[in-house]
>>> print(open('my_file38.tsv').read())   # TSV, C-alpha atoms
chain	number	residue	atom	x	y	z
A	18	MET	CA	1.15	27.93	-70.82
A	19	ASP	CA	1.97	25.64	-73.74
A	20	PRO	CA	0.06	27.02	-76.78
A	21	TRP	CA	-0.58	23.43	-77.94
A	22	LEU	CA	-2.24	22.39	-74.70
A	23	PHE	CA	-5.63	20.71	-75.33
A	24	ARG	CA	-5.37	21.20	-79.09
A	25	ARG	CA	-6.35	18.10	-81.05
A	26	ILE	CA	-3.63	16.67	-83.28
A	27	SER	CA	-2.95	13.63	-85.42
A	28	VAL	CA	0.47	12.02	-85.01
A	29	ARG	CA	2.10	9.34	-87.14
A	30	TYR	CA	5.01	7.65	-85.42
A	31	LEU	CA	7.16	4.53	-85.55
A	32	SER	CA	6.37	1.73	-83.12
A	33	ALA	CA	8.38	-1.50	-83.33
A	34	GLY	CA	9.40	-0.53	-86.85
A	35	GLN	CA	5.82	0.01	-88.01
A	36	ALA	CA	3.99	3.27	-88.63
A	37	SER	CA	1.13	3.94	-86.20
A	38	ASP	CA	-1.36	6.78	-85.96
A	39	VAL	CA	-2.98	8.38	-82.95
A	40	ILE	CA	-5.36	11.32	-82.62
A	41	GLY	CA	-5.81	13.10	-79.33
A	42	ARG	CA	-5.55	16.32	-77.37
A	43	VAL	CA	-2.14	17.43	-76.17
A	44	ILE	CA	-2.05	17.24	-72.37
A	45	HIS	CA	1.71	17.32	-71.82
A	46	ARG	CA	4.71	18.04	-74.03
A	47	THR	CA	8.46	17.99	-73.46
A	48	ASP	CA	11.54	17.79	-75.69
A	49	SER	CA	11.38	14.00	-75.45
A	50	GLU	CA	7.68	13.05	-75.54
A	51	VAL	CA	4.13	14.13	-76.25
A	52	GLN	CA	1.20	12.89	-74.18
A	53	LEU	CA	-2.15	12.76	-75.96
A	54	MET	CA	-5.59	12.04	-74.54
A	55	ARG	CA	-7.93	10.14	-76.86
A	56	ARG	CA	-11.64	10.88	-77.10
A	57	GLU	CA	-12.49	8.29	-74.42
A	58	GLY	CA	-9.74	9.37	-72.03
A	59	GLN	CA	-6.98	6.89	-72.85
A	60	ILE	CA	-3.53	8.47	-72.62
A	61	GLU	CA	-0.94	7.77	-75.31
A	62	ILE	CA	2.71	8.65	-74.79
A	63	VAL	CA	4.62	9.24	-78.04
A	64	PRO	CA	8.42	9.66	-78.04
A	65	VAL	CA	9.35	12.75	-80.05
A	66	HIS	CA	12.18	10.97	-81.87
A	67	ASP	CA	9.66	8.42	-83.25
A	68	ILE	CA	7.32	11.03	-84.77
A	69	ILE	CA	7.17	10.97	-88.58
A	70	ALA	CA	4.49	13.62	-89.10
A	71	ALA	CA	1.93	15.59	-87.12
A	72	ARG	CA	-0.84	18.04	-87.87
A	73	GLU	CA	-3.66	19.77	-86.05
A	74	VAL	CA	-7.11	18.22	-86.52
A	75	PRO	CA	-9.79	20.81	-85.69
A	76	ASP	CA	-13.02	19.60	-84.14
A	77	THR	CA	-14.81	20.85	-87.26
A	78	GLU	CA	-13.23	17.93	-89.15
A	79	ARG	CA	-14.84	15.22	-87.04
A	80	ARG	CA	-18.22	13.63	-86.53
A	81	LEU	CA	-19.22	13.48	-82.90
A	82	ARG	CA	-21.33	10.61	-81.64
A	83	SER	CA	-24.18	11.76	-79.45
A	84	PRO	CA	-24.07	10.65	-75.80
A	85	ALA	CA	-26.90	8.20	-76.52
A	86	GLU	CA	-24.84	6.58	-79.32
A	87	THR	CA	-21.95	5.81	-76.97
A	88	SER	CA	-22.10	2.23	-75.71
A	89	ARG	CA	-22.47	1.48	-72.01
A	90	ALA	CA	-19.24	-0.55	-72.20
A	91	ILE	CA	-17.33	2.58	-73.27
A	92	ILE	CA	-18.94	4.65	-70.53
A	93	ASP	CA	-18.19	1.97	-67.91
A	94	ALA	CA	-14.54	2.01	-69.03
A	95	MET	CA	-14.44	5.80	-68.62
A	96	ILE	CA	-16.02	5.53	-65.17
A	97	ALA	CA	-13.30	3.07	-64.12
A	98	ARG	CA	-10.63	5.28	-65.70
A	99	VAL	CA	-11.79	8.30	-63.70
A	100	SER	CA	-12.96	6.77	-60.43
A	101	GLY	CA	-10.67	3.75	-60.21
A	102	PRO	CA	-10.98	0.05	-61.01
A	103	ASP	CA	-13.05	-0.54	-57.85
A	104	SER	CA	-15.58	2.17	-58.70
A	105	GLY	CA	-18.44	-0.29	-59.21
A	106	ALA	CA	-18.95	0.71	-62.84
A	107	ASP	CA	-20.30	-2.76	-63.61
A	108	ASP	CA	-22.82	-2.64	-60.76
A	109	ALA	CA	-26.03	-4.02	-62.22
A	110	ALA	CA	-28.04	-1.62	-60.04
A	111	GLY	CA	-26.06	1.38	-61.26
A	112	ARG	CA	-27.59	4.03	-63.49
A	113	VAL	CA	-25.74	6.43	-65.77
A	114	PHE	CA	-27.08	9.77	-66.96
A	115	VAL	CA	-25.55	11.60	-69.94
A	116	ALA	CA	-25.85	15.07	-71.46
A	117	ASP	CA	-24.52	17.22	-74.29
A	118	VAL	CA	-23.02	20.34	-72.67
A	119	ARG	CA	-22.36	22.38	-75.82
A	120	ASP	CA	-25.55	24.42	-75.48
A	121	TRP	CA	-25.58	24.83	-71.72
A	122	ASP	CA	-26.09	28.21	-70.11
A	123	PHE	CA	-22.95	28.53	-67.98
A	124	THR	CA	-24.58	30.70	-65.34
A	125	PRO	CA	-24.81	28.76	-62.08
A	126	SER	CA	-27.79	29.50	-59.87
A	127	VAL	CA	-25.50	29.77	-56.83
A	128	PRO	CA	-21.80	30.76	-56.61
A	129	VAL	CA	-19.23	27.97	-56.91
A	130	THR	CA	-15.53	28.24	-56.07
A	131	VAL	CA	-13.04	26.54	-58.41
A	132	LEU	CA	-9.93	25.24	-56.63
A	133	GLU	CA	-6.75	24.12	-58.35
A	134	GLN	CA	-5.87	22.02	-55.32
A	135	PRO	CA	-8.19	20.07	-53.02
A	136	ASP	CA	-8.93	21.76	-49.72
A	137	ALA	CA	-9.16	20.13	-46.29
A	138	LEU	CA	-12.83	19.20	-46.64
A	139	TRP	CA	-12.28	17.48	-49.97
A	140	LEU	CA	-9.16	15.66	-48.77
A	141	LYS	CA	-11.16	14.28	-45.87
A	142	LEU	CA	-13.29	12.40	-48.39
A	143	GLU	CA	-10.60	11.64	-50.96
A	144	ARG	CA	-9.72	8.25	-52.40
A	145	ALA	CA	-6.23	7.37	-53.55
A	146	HIS	CA	-6.96	6.89	-57.27
A	147	VAL	CA	-5.63	9.60	-59.60
A	148	PRO	CA	-7.91	10.01	-62.65
A	149	ASN	CA	-6.37	9.17	-66.03
A	150	ASP	CA	-3.05	8.45	-64.35
A	151	PRO	CA	-0.57	7.41	-67.09
A	152	ARG	CA	0.87	4.89	-64.63
A	153	ASP	CA	-2.23	2.80	-65.30
A	154	ALA	CA	-0.92	2.07	-68.79
A	155	ALA	CA	2.73	3.05	-68.88
A	156	ASN	CA	4.11	2.90	-65.32
A	157	ARG	CA	4.91	6.60	-65.37
A	158	PRO	CA	5.42	8.66	-62.20
A	159	GLU	CA	3.68	11.80	-63.52
A	160	THR	CA	0.08	12.64	-62.78
A	161	HIS	CA	-2.08	15.11	-64.66
A	162	PRO	CA	-3.39	17.93	-62.47
A	163	LEU	CA	-4.63	19.67	-65.63
A	164	LEU	CA	-7.24	16.92	-66.08
A	165	GLN	CA	-9.03	17.64	-62.83
A	166	THR	CA	-10.22	20.55	-60.74
A	167	PHE	CA	-12.06	20.88	-57.46
A	168	LEU	CA	-15.40	22.61	-56.97
A	169	ARG	CA	-16.93	23.89	-53.76
A	170	ARG	CA	-20.27	25.45	-52.89
A	171	ASP	CA	-19.61	26.95	-49.44
A	172	ASP	CA	-19.76	24.11	-46.90
A	173	SER	CA	-22.77	22.44	-48.49
A	174	ALA	CA	-21.35	20.73	-51.61
A	175	ILE	CA	-18.00	19.69	-53.07
A	176	ALA	CA	-16.91	17.61	-56.04
A	177	ARG	CA	-13.99	16.86	-58.31
A	178	ALA	CA	-14.53	17.64	-62.00
A	179	VAL	CA	-12.54	15.29	-64.22
A	180	LEU	CA	-11.82	15.53	-67.93
A	181	CYS	CA	-11.92	12.23	-69.83
A	182	GLY	CA	-11.45	12.82	-73.56
A	183	ASP	CA	-14.61	14.28	-75.09
A	184	TRP	CA	-16.36	13.83	-71.73
A	185	PHE	CA	-16.27	15.09	-68.19
A	186	THR	CA	-17.93	14.07	-64.97
A	187	LEU	CA	-18.23	15.02	-61.35
A	188	ASP	CA	-16.47	12.43	-59.26
A	189	ARG	CA	-16.53	12.12	-55.49
A	190	VAL	CA	-19.57	14.34	-55.01
A	191	TRP	CA	-20.47	15.26	-51.44
A	192	LEU	CA	-23.67	17.08	-50.49
A	193	ALA	CA	-24.35	18.20	-46.93
A	194	GLU	CA	-27.29	16.72	-45.08
A	195	GLY	CA	-29.49	17.90	-42.24
A	196	GLU	CA	-29.09	21.47	-40.98
A	197	ALA	CA	-25.93	22.03	-43.04
A	198	ALA	CA	-27.77	21.36	-46.30
A	199	GLN	CA	-28.95	24.36	-48.30
A	200	ASN	CA	-30.56	23.22	-51.57
A	201	PRO	CA	-28.89	19.94	-52.64
A	202	GLN	CA	-30.39	19.91	-56.13
A	203	ALA	CA	-29.41	23.53	-56.83
A	204	ASP	CA	-25.95	22.86	-55.40
A	205	LEU	CA	-25.43	19.79	-57.60
A	206	SER	CA	-26.67	21.65	-60.67
A	207	ALA	CA	-24.32	24.57	-59.97
A	208	LEU	CA	-21.36	22.21	-59.54
A	209	PHE	CA	-22.13	20.62	-62.91
A	210	ILE	CA	-22.48	23.99	-64.66
A	211	GLU	CA	-19.15	25.24	-63.31
A	212	GLY	CA	-17.52	21.89	-64.09
A	213	ALA	CA	-18.86	22.00	-67.65
A	214	ARG	CA	-17.49	25.51	-68.15
A	215	TRP	CA	-14.05	24.30	-67.05
A	216	ALA	CA	-14.22	21.09	-69.13
A	217	GLN	CA	-15.52	22.66	-72.33
A	218	ALA	CA	-12.53	25.03	-72.38
A	219	ARG	CA	-10.42	21.84	-72.52
A	220	GLY	CA	-12.30	20.17	-75.34
A	221	ALA	CA	-15.19	18.35	-73.63
A	222	PHE	CA	-18.58	18.09	-75.32
A	223	PHE	CA	-20.45	15.64	-73.10
A	224	ALA	CA	-21.03	14.84	-69.44
A	225	TRP	CA	-21.96	11.72	-67.54
A	226	PHE	CA	-23.11	11.19	-63.99
A	227	ALA	CA	-23.00	7.70	-62.53
A	228	VAL	CA	-25.33	6.71	-59.72
A	229	LEU	CA	-24.12	3.38	-58.42
A	230	GLY	CA	-26.81	1.54	-56.51
A	231	ALA	CA	-30.29	2.53	-55.42
A	232	ASP	CA	-29.08	4.94	-52.70
A	233	GLY	CA	-28.21	7.57	-55.31
A	234	THR	CA	-31.82	8.22	-56.30
A	235	PRO	CA	-32.04	11.68	-54.61
A	236	LEU	CA	-29.24	12.94	-56.89
A	237	LEU	CA	-31.00	12.15	-60.14
A	238	PRO	CA	-33.20	15.16	-61.04
A	239	LEU	CA	-30.77	16.90	-63.43
A	240	ALA	CA	-33.22	16.90	-66.33
A	241	ASP	CA	-33.19	20.70	-66.43
A	242	LEU	CA	-29.57	20.49	-67.61
A	243	GLY	CA	-30.49	17.98	-70.32
A	244	PHE	CA	-29.37	14.79	-68.58
A	245	ALA	CA	-31.16	11.63	-69.68
A	246	GLU	CA	-30.64	8.07	-68.54
A	247	HIS	CA	-28.28	6.16	-70.81
A	248	ARG	CA	-29.93	3.00	-72.15
A	249	ASN	CA	-27.57	1.89	-74.92
>>> encode(input="my_file38.tsv", output="C-alpha cells")
Amino acid sequence: MDPWLFRRISVRYLSAGQASDVIGRVIHRTDSEVQLMRREGQIEIVPVHDIIAAREVPDTERRLRSPAETSRAIIDAMIARVSGPDSGADDAAGRVFVADVRDWDFTPSVPVTVLEQPDALWLKLERAHVPNDPRDAANRPETHPLLQTFLRRDDSAIARAVLCGDWFTLDRVWLAEGEAAQNPQADLSALFIEGARWAQARGAFFAWFAVLGADGTPLLPLADLGFAEHRN
C-alpha cells in the first residue's frame, strides 16, 4: 500500500501559469498525477510536473469545525456528491443528523461483516452512481474503491459506508422488515459503528445521516451514538 495514502498534504502547483494551492488527503498517486480529497469530499487532480512544492500537514495543525458549525448547504453538497445528483438532498422534508465520531466506542453490539466488494444482496439494491467519482469534475475513467466499503449484518441489514473528506455516511441503507428483521435499531447502530471505525482510519472525524422525507422516521433514534439533528 502507498505509504502516503490518506495522509494530508499541502501542494503548490502551477495552473495556467499561476501558482495555486490545495490541501487534501492523498487518495491516489502515480508518476504523472496526485489525486487529493478536500475536507468536503471534492477531488483535485494535480499533474506531478506542475508541482512546485509539497509538504505534509498533520491534523494537529488545523482547526476543525464542529458538525453543528457546518452549513446545511455544504452538507447537501456532500450528500449529492456521495448519493448522486438525484439524491433529493434539497428535499424540504428531509432531515439530516450529524455526529462527531472521534470519541465513539468502536464495539458494535452485534457482529458486522466488512466487504471490499458488494455482494449479491447489495447489488440487488444498488444505484449506478459512484461516490466521489472524479468523472463528475474531470471526466476521468477511474473510480475510487478506497473511498467506499460495504457492510452487512447477516441478512437483516446492509449499507455502503462512504468517505467524503472529513466526513463519512452510510448510503443505500437497507433494513429487513417483518419476520426477517432482527433488531433494526441495533443493526443500524452496529453498521454505523463499523463504518466509523473504517472511516476514521482514513481521516474522517464526523458522520452524517440523511433521512429524506417523512418515511425515514423509524431510522432516527441514533442519539446513543451522539447524533443530533442539524439545524444550521
>>> residues_near_point(input="my_file38.tsv", point="(8.8, 7.2, -77.5)", cutoff="12 Å", atoms="all atoms listed in the file", output="PyMOL selection string")
chain A and resi 29-33+47-52+61-69+155
>>> closest_residue(input="my_file38.tsv", among="A:Asp188, A:Asp241, A:Asp117, A:Asp93", to="Trp139 of chain A", atoms="all atoms listed in the file")
A:Asp188
>>> residues_around(input="my_file38.tsv", residues="Arg248 of chain A", least_positions_apart="2", cutoff="10 Å", atoms="all atoms listed in the file", output="ChimeraX atom specification")
/A:85-89,112-115,245-246
>>> residues_around(input="my_file38.tsv", residues="Thr77 of chain A", least_positions_apart="4", cutoff="12 Å", atoms="all atoms listed in the file", output="MDAnalysis selection string")
chainID A and resid 25 73 81
>>> closest_residue(input="my_file38.tsv", among="A:Ala174, A:Ala221, A:Ala70, A:Ala193", to="Ala36 of chain A", atoms="only C-alpha atoms")
A:Ala70
>>> atom_distance(input="my_file38.tsv", atom1="atom CA of Leu132 of chain A", atom2="atom CA of Gly243 of chain A")
25.7 Å
>>> residues_around(input="my_file38.tsv", residues="Ser27 of chain A", least_positions_apart="2", cutoff="7 Å", atoms="only C-alpha atoms", output="list in words")
Arg29, Val39, Ile40, Gly41, Ala71, Arg72, Glu73 and Val74 of chain A
>>> write_last_selection(input="my_file38.tsv", atoms="C-alpha atoms", output="PDB file, in the frame of the given file")
ATOM      1  CA  ARG A  29       2.100   9.340 -87.140  1.00  0.00           C
ATOM      2  CA  VAL A  39      -2.980   8.380 -82.950  1.00  0.00           C
ATOM      3  CA  ILE A  40      -5.360  11.320 -82.620  1.00  0.00           C
ATOM      4  CA  GLY A  41      -5.810  13.100 -79.330  1.00  0.00           C
ATOM      5  CA  ALA A  71       1.930  15.590 -87.120  1.00  0.00           C
ATOM      6  CA  ARG A  72      -0.840  18.040 -87.870  1.00  0.00           C
ATOM      7  CA  GLU A  73      -3.660  19.770 -86.050  1.00  0.00           C
ATOM      8  CA  VAL A  74      -7.110  18.220 -86.520  1.00  0.00           C
TER       9      VAL A  74
END
>>> atom_distance(input="my_file38.tsv", atom1="atom CA of Pro75 of chain A", atom2="atom CA of Phe223 of chain A")
17.3 Å
>>> atom_distance(input="my_file38.tsv", atom1="atom CA of Pro201 of chain A", atom2="atom CA of Trp225 of chain A")
18.4 Å
>>> closest_residue(input="my_file38.tsv", among="A:Cys181, A:Ala198, A:Val131, A:Ala97", to="Arg42 of chain A", atoms="all atoms listed in the file")
A:Cys181
>>> closest_residue(input="my_file38.tsv", among="A:Leu53, A:Ala218, A:Ser83, A:Val190", to="Val28 of chain A", atoms="all atoms listed in the file")
A:Leu53
>>> closest_residue(input="my_file38.tsv", among="A:Gly101, A:Val129, A:Gly111, A:Ile175", to="Phe226 of chain A", atoms="only C-alpha atoms")
A:Gly111
>>> residues_near_point(input="my_file38.tsv", point="(-10.7, 8.9, -68.7)", cutoff="7 Å", atoms="only C-alpha atoms", output="ChimeraX atom specification")
/A:57-59,95,98-99,148-149,180-182
>>> decode(input="my_file38.tsv", residues="segment 30-58 of chain A", atoms="N, CA, C and O atoms", output="compact mmCIF listing (two decimals), in the first residue's frame")
# COMPACT_ATOMS: atom_id res chain seq x y z
N TYR A 30 1.11 24.29 -6.90
CA TYR A 30 1.36 23.85 -8.27
C TYR A 30 0.98 24.97 -9.23
O TYR A 30 0.28 25.92 -8.88
N LEU A 31 1.47 24.84 -10.46
CA LEU A 31 1.18 25.82 -11.50
C LEU A 31 -0.09 25.44 -12.24
O LEU A 31 -0.26 24.29 -12.65
N SER A 32 -0.99 26.41 -12.39
CA SER A 32 -2.22 26.21 -13.15
C SER A 32 -2.42 27.43 -14.04
O SER A 32 -2.58 28.54 -13.53
N ALA A 33 -2.37 27.23 -15.35
CA ALA A 33 -2.49 28.33 -16.31
C ALA A 33 -1.46 29.42 -16.02
O ALA A 33 -1.75 30.62 -16.10
N GLY A 34 -0.26 29.01 -15.63
CA GLY A 34 0.81 29.95 -15.39
C GLY A 34 0.79 30.62 -14.03
O GLY A 34 1.69 31.40 -13.71
N GLN A 35 -0.22 30.32 -13.21
CA GLN A 35 -0.34 30.91 -11.89
C GLN A 35 -0.17 29.83 -10.81
O GLN A 35 -0.57 28.68 -11.01
N ALA A 36 0.41 30.25 -9.69
CA ALA A 36 0.57 29.31 -8.58
C ALA A 36 -0.75 29.14 -7.84
O ALA A 36 -1.44 30.11 -7.54
N SER A 37 -1.12 27.89 -7.59
CA SER A 37 -2.33 27.57 -6.84
C SER A 37 -1.97 26.62 -5.70
O SER A 37 -0.97 25.91 -5.77
N ASP A 38 -2.80 26.63 -4.66
CA ASP A 38 -2.57 25.77 -3.51
C ASP A 38 -3.79 24.90 -3.26
O ASP A 38 -4.93 25.34 -3.43
N VAL A 39 -3.54 23.68 -2.85
CA VAL A 39 -4.63 22.78 -2.47
C VAL A 39 -4.16 21.93 -1.30
O VAL A 39 -2.99 21.54 -1.23
N ILE A 40 -5.07 21.70 -0.36
CA ILE A 40 -4.79 20.84 0.78
C ILE A 40 -5.81 19.70 0.75
O ILE A 40 -7.01 19.93 0.60
N GLY A 41 -5.33 18.49 0.89
CA GLY A 41 -6.23 17.35 0.89
C GLY A 41 -5.50 16.07 1.24
O GLY A 41 -4.28 16.05 1.39
N ARG A 42 -6.28 15.00 1.35
CA ARG A 42 -5.70 13.69 1.64
C ARG A 42 -5.40 12.96 0.34
O ARG A 42 -6.21 12.98 -0.59
N VAL A 43 -4.25 12.32 0.29
CA VAL A 43 -3.86 11.58 -0.90
C VAL A 43 -4.75 10.35 -1.03
O VAL A 43 -4.84 9.53 -0.11
N ILE A 44 -5.44 10.23 -2.16
CA ILE A 44 -6.28 9.05 -2.38
C ILE A 44 -5.80 8.23 -3.57
O ILE A 44 -6.24 7.10 -3.76
N HIS A 45 -4.88 8.80 -4.36
CA HIS A 45 -4.32 8.06 -5.49
C HIS A 45 -3.07 8.80 -5.94
O HIS A 45 -3.03 10.03 -5.95
N ARG A 46 -2.04 8.03 -6.32
CA ARG A 46 -0.78 8.66 -6.71
C ARG A 46 -0.09 7.80 -7.75
O ARG A 46 0.03 6.58 -7.59
N THR A 47 0.33 8.44 -8.85
CA THR A 47 1.09 7.76 -9.89
C THR A 47 2.30 8.63 -10.22
O THR A 47 2.51 9.69 -9.63
N ASP A 48 3.09 8.20 -11.21
CA ASP A 48 4.23 9.00 -11.63
C ASP A 48 3.80 10.29 -12.31
O ASP A 48 4.59 11.23 -12.42
N SER A 49 2.54 10.36 -12.76
CA SER A 49 2.10 11.53 -13.53
C SER A 49 1.13 12.44 -12.79
O SER A 49 0.97 13.60 -13.16
N GLU A 50 0.45 11.95 -11.73
CA GLU A 50 -0.54 12.78 -11.06
C GLU A 50 -0.74 12.36 -9.62
O GLU A 50 -0.44 11.22 -9.23
N VAL A 51 -1.28 13.30 -8.85
CA VAL A 51 -1.68 13.04 -7.47
C VAL A 51 -3.14 13.45 -7.35
O VAL A 51 -3.53 14.53 -7.79
N GLN A 52 -3.95 12.57 -6.76
CA GLN A 52 -5.36 12.89 -6.53
C GLN A 52 -5.55 13.14 -5.03
O GLN A 52 -5.19 12.30 -4.20
N LEU A 53 -6.10 14.31 -4.72
CA LEU A 53 -6.32 14.72 -3.34
C LEU A 53 -7.80 14.89 -3.08
O LEU A 53 -8.54 15.40 -3.94
N MET A 54 -8.24 14.51 -1.89
CA MET A 54 -9.63 14.72 -1.49
C MET A 54 -9.66 15.82 -0.44
O MET A 54 -9.05 15.71 0.62
N ARG A 55 -10.39 16.90 -0.75
CA ARG A 55 -10.53 18.01 0.19
C ARG A 55 -11.43 17.63 1.36
O ARG A 55 -12.06 16.58 1.36
N ARG A 56 -11.54 18.53 2.33
CA ARG A 56 -12.24 18.20 3.57
C ARG A 56 -13.73 17.98 3.38
O ARG A 56 -14.39 17.37 4.22
N GLU A 57 -14.29 18.48 2.26
CA GLU A 57 -15.71 18.27 1.99
C GLU A 57 -15.94 17.28 0.85
O GLU A 57 -17.03 17.20 0.30
N GLY A 58 -14.88 16.54 0.49
CA GLY A 58 -15.03 15.45 -0.46
C GLY A 58 -14.71 15.77 -1.90
O GLY A 58 -14.70 14.87 -2.75
